[in-house]
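Trainee: Please find one structure pasted underneath; my questions will follow.
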Amino acid sequence: MSCPTLNIVSILIGLVALVIAIPALIPVVSLMNWIAFPIALVGFVVGLLSSKNTGRNLNLVILIVAGLRLFLTGGLI
């Protein structure tokens, strides 16, 4: 059983993670990816529980970008 309102919650969590992840693309503040990654992970899990997949996909993109940025800079091995 899934709830469509979880999609809205997942989108809101994804928007918070996106606001944190966008400035983290600048090399000086890339440590903010350590904050954006877990927030997007929570949003992804909430999106998995929803009947729609918009929030899940938004958080998945943020997870990929933040994780790739952490991996390339040596922050996530």
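Chains: A, B, ... in order of the structure tokens. Residues: from 1 per chain. Ligands: from 1, in order shown.
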Quick one: residues within 10 Å of Ile13 (chain A), only C-alpha atoms counted, chain neighbours fewer than 3 positions away excluded, as an MDAnalysis selection string?

Mentor: chainID A and resid 7:10 16:18 39:44 46:47 55 58:59

Trainee: When DSSP works through the backbone of this structure, what residues of chain A end up as helix (DSSP H, G or I), shown as a ChimeraX atom specification?

Mentor: /A:5-21,23-25,27-48,54-72

Trainee: Mind dumping the selected residues with C-alpha atoms as a PDB file, in the first residue's frame?

Mentor:
```
ATOM      1  CA  THR A   5       1.243  12.323  -0.571  1.00  0.00           C
ATOM      2  CA  LEU A   6       4.602  10.681   0.051  1.00  0.00           C
ATOM      3  CA  ASN A   7       5.547  11.835  -3.459  1.00  0.00           C
ATOM      4  CA  ILE A   8       4.985  15.453  -2.406  1.00  0.00           C
ATOM      5  CA  VAL A   9       7.076  14.912   0.729  1.00  0.00           C
ATOM      6  CA  SER A  10       9.806  13.324  -1.385  1.00  0.00           C
ATOM      7  CA  ILE A  11       9.773  16.270  -3.804  1.00  0.00           C
ATOM      8  CA  LEU A  12      10.052  18.741  -0.916  1.00  0.00           C
ATOM      9  CA  ILE A  13      12.981  16.816   0.563  1.00  0.00           C
ATOM     10  CA  GLY A  14      14.564  16.747  -2.903  1.00  0.00           C
ATOM     11  CA  LEU A  15      14.199  20.500  -3.285  1.00  0.00           C
ATOM     12  CA  VAL A  16      15.970  21.037   0.047  1.00  0.00           C
ATOM     13  CA  ALA A  17      18.767  18.720  -1.068  1.00  0.00           C
ATOM     14  CA  LEU A  18      18.927  20.507  -4.433  1.00  0.00           C
ATOM     15  CA  VAL A  19      19.308  23.908  -2.768  1.00  0.00           C
ATOM     16  CA  ILE A  20      22.225  22.492  -0.801  1.00  0.00           C
ATOM     17  CA  ALA A  21      23.757  20.552  -3.722  1.00  0.00           C
ATOM     18  CA  PRO A  23      26.346  25.571  -4.359  1.00  0.00           C
ATOM     19  CA  ALA A  24      28.293  22.406  -3.517  1.00  0.00           C
ATOM     20  CA  LEU A  25      29.332  22.163  -7.174  1.00  0.00           C
ATOM     21  CA  PRO A  27      35.078  23.584  -5.555  1.00  0.00           C
ATOM     22  CA  VAL A  28      35.507  25.609  -2.375  1.00  0.00           C
ATOM     23  CA  VAL A  29      32.207  24.530  -0.801  1.00  0.00           C
ATOM     24  CA  SER A  30      32.152  20.948  -2.038  1.00  0.00           C
ATOM     25  CA  LEU A  31      31.935  19.656   1.532  1.00  0.00           C
ATOM     26  CA  MET A  32      28.249  20.573   1.427  1.00  0.00           C
ATOM     27  CA  ASN A  33      27.776  17.391  -0.606  1.00  0.00           C
ATOM     28  CA  TRP A  34      28.161  15.503   2.668  1.00  0.00           C
ATOM     29  CA  ILE A  35      24.957  17.248   3.778  1.00  0.00           C
ATOM     30  CA  ALA A  36      23.084  16.966   0.470  1.00  0.00           C
ATOM     31  CA  PHE A  37      23.788  13.259  -0.045  1.00  0.00           C
ATOM     32  CA  PRO A  38      22.042  11.915   3.103  1.00  0.00           C
ATOM     33  CA  ILE A  39      19.105  14.304   2.660  1.00  0.00           C
ATOM     34  CA  ALA A  40      18.621  13.088  -0.911  1.00  0.00           C
ATOM     35  CA  LEU A  41      18.950   9.497   0.293  1.00  0.00           C
ATOM     36  CA  VAL A  42      16.085  10.016   2.754  1.00  0.00           C
ATOM     37  CA  GLY A  43      14.027  11.622  -0.015  1.00  0.00           C
ATOM     38  CA  PHE A  44      14.780   8.668  -2.276  1.00  0.00           C
ATOM     39  CA  VAL A  45      13.569   6.181   0.326  1.00  0.00           C
ATOM     40  CA  VAL A  46      10.396   8.209   0.871  1.00  0.00           C
ATOM     41  CA  GLY A  47       9.937   8.316  -2.905  1.00  0.00           C
ATOM     42  CA  LEU A  48      10.218   4.537  -3.062  1.00  0.00           C
ATOM     43  CA  THR A  54       8.636  11.992  -9.609  1.00  0.00           C
ATOM     44  CA  GLY A  55      10.125  12.550  -6.152  1.00  0.00           C
ATOM     45  CA  ARG A  56      12.140   9.367  -6.359  1.00  0.00           C
ATOM     46  CA  ASN A  57      13.637  10.389  -9.698  1.00  0.00           C
ATOM     47  CA  LEU A  58      14.477  13.903  -8.463  1.00  0.00           C
ATOM     48  CA  ASN A  59      16.303  12.518  -5.444  1.00  0.00           C
ATOM     49  CA  LEU A  60      18.042   9.894  -7.576  1.00  0.00           C
ATOM     50  CA  VAL A  61      19.501  12.606  -9.819  1.00  0.00           C
ATOM     51  CA  ILE A  62      20.694  14.555  -6.780  1.00  0.00           C
ATOM     52  CA  LEU A  63      22.206  11.372  -5.312  1.00  0.00           C
ATOM     53  CA  ILE A  64      24.084  10.679  -8.535  1.00  0.00           C
ATOM     54  CA  VAL A  65      25.426  14.231  -8.848  1.00  0.00           C
ATOM     55  CA  ALA A  66      26.417  14.551  -5.174  1.00  0.00           C
ATOM     56  CA  GLY A  67      27.849  11.031  -5.040  1.00  0.00           C
ATOM     57  CA  LEU A  68      29.833  11.512  -8.228  1.00  0.00           C
ATOM     58  CA  ARG A  69      31.179  14.811  -6.918  1.00  0.00           C
ATOM     59  CA  LEU A  70      32.209  13.150  -3.653  1.00  0.00           C
ATOM     60  CA  PHE A  71      33.753  10.213  -5.494  1.00  0.00           C
ATOM     61  CA  LEU A  72      35.783  12.392  -7.874  1.00  0.00           C
TER      62      LEU A  72
END
```

Trainee: List as a list of chain:residue names the protein and nucleic acid residues near Pro4 (chain A), meaning an atom at most 8 Å away when only C-alpha atoms are counted, but skip any in the same chain fewer than 6 places from it.

Mentor: A:Ser50, A:Ser51, A:Lys52
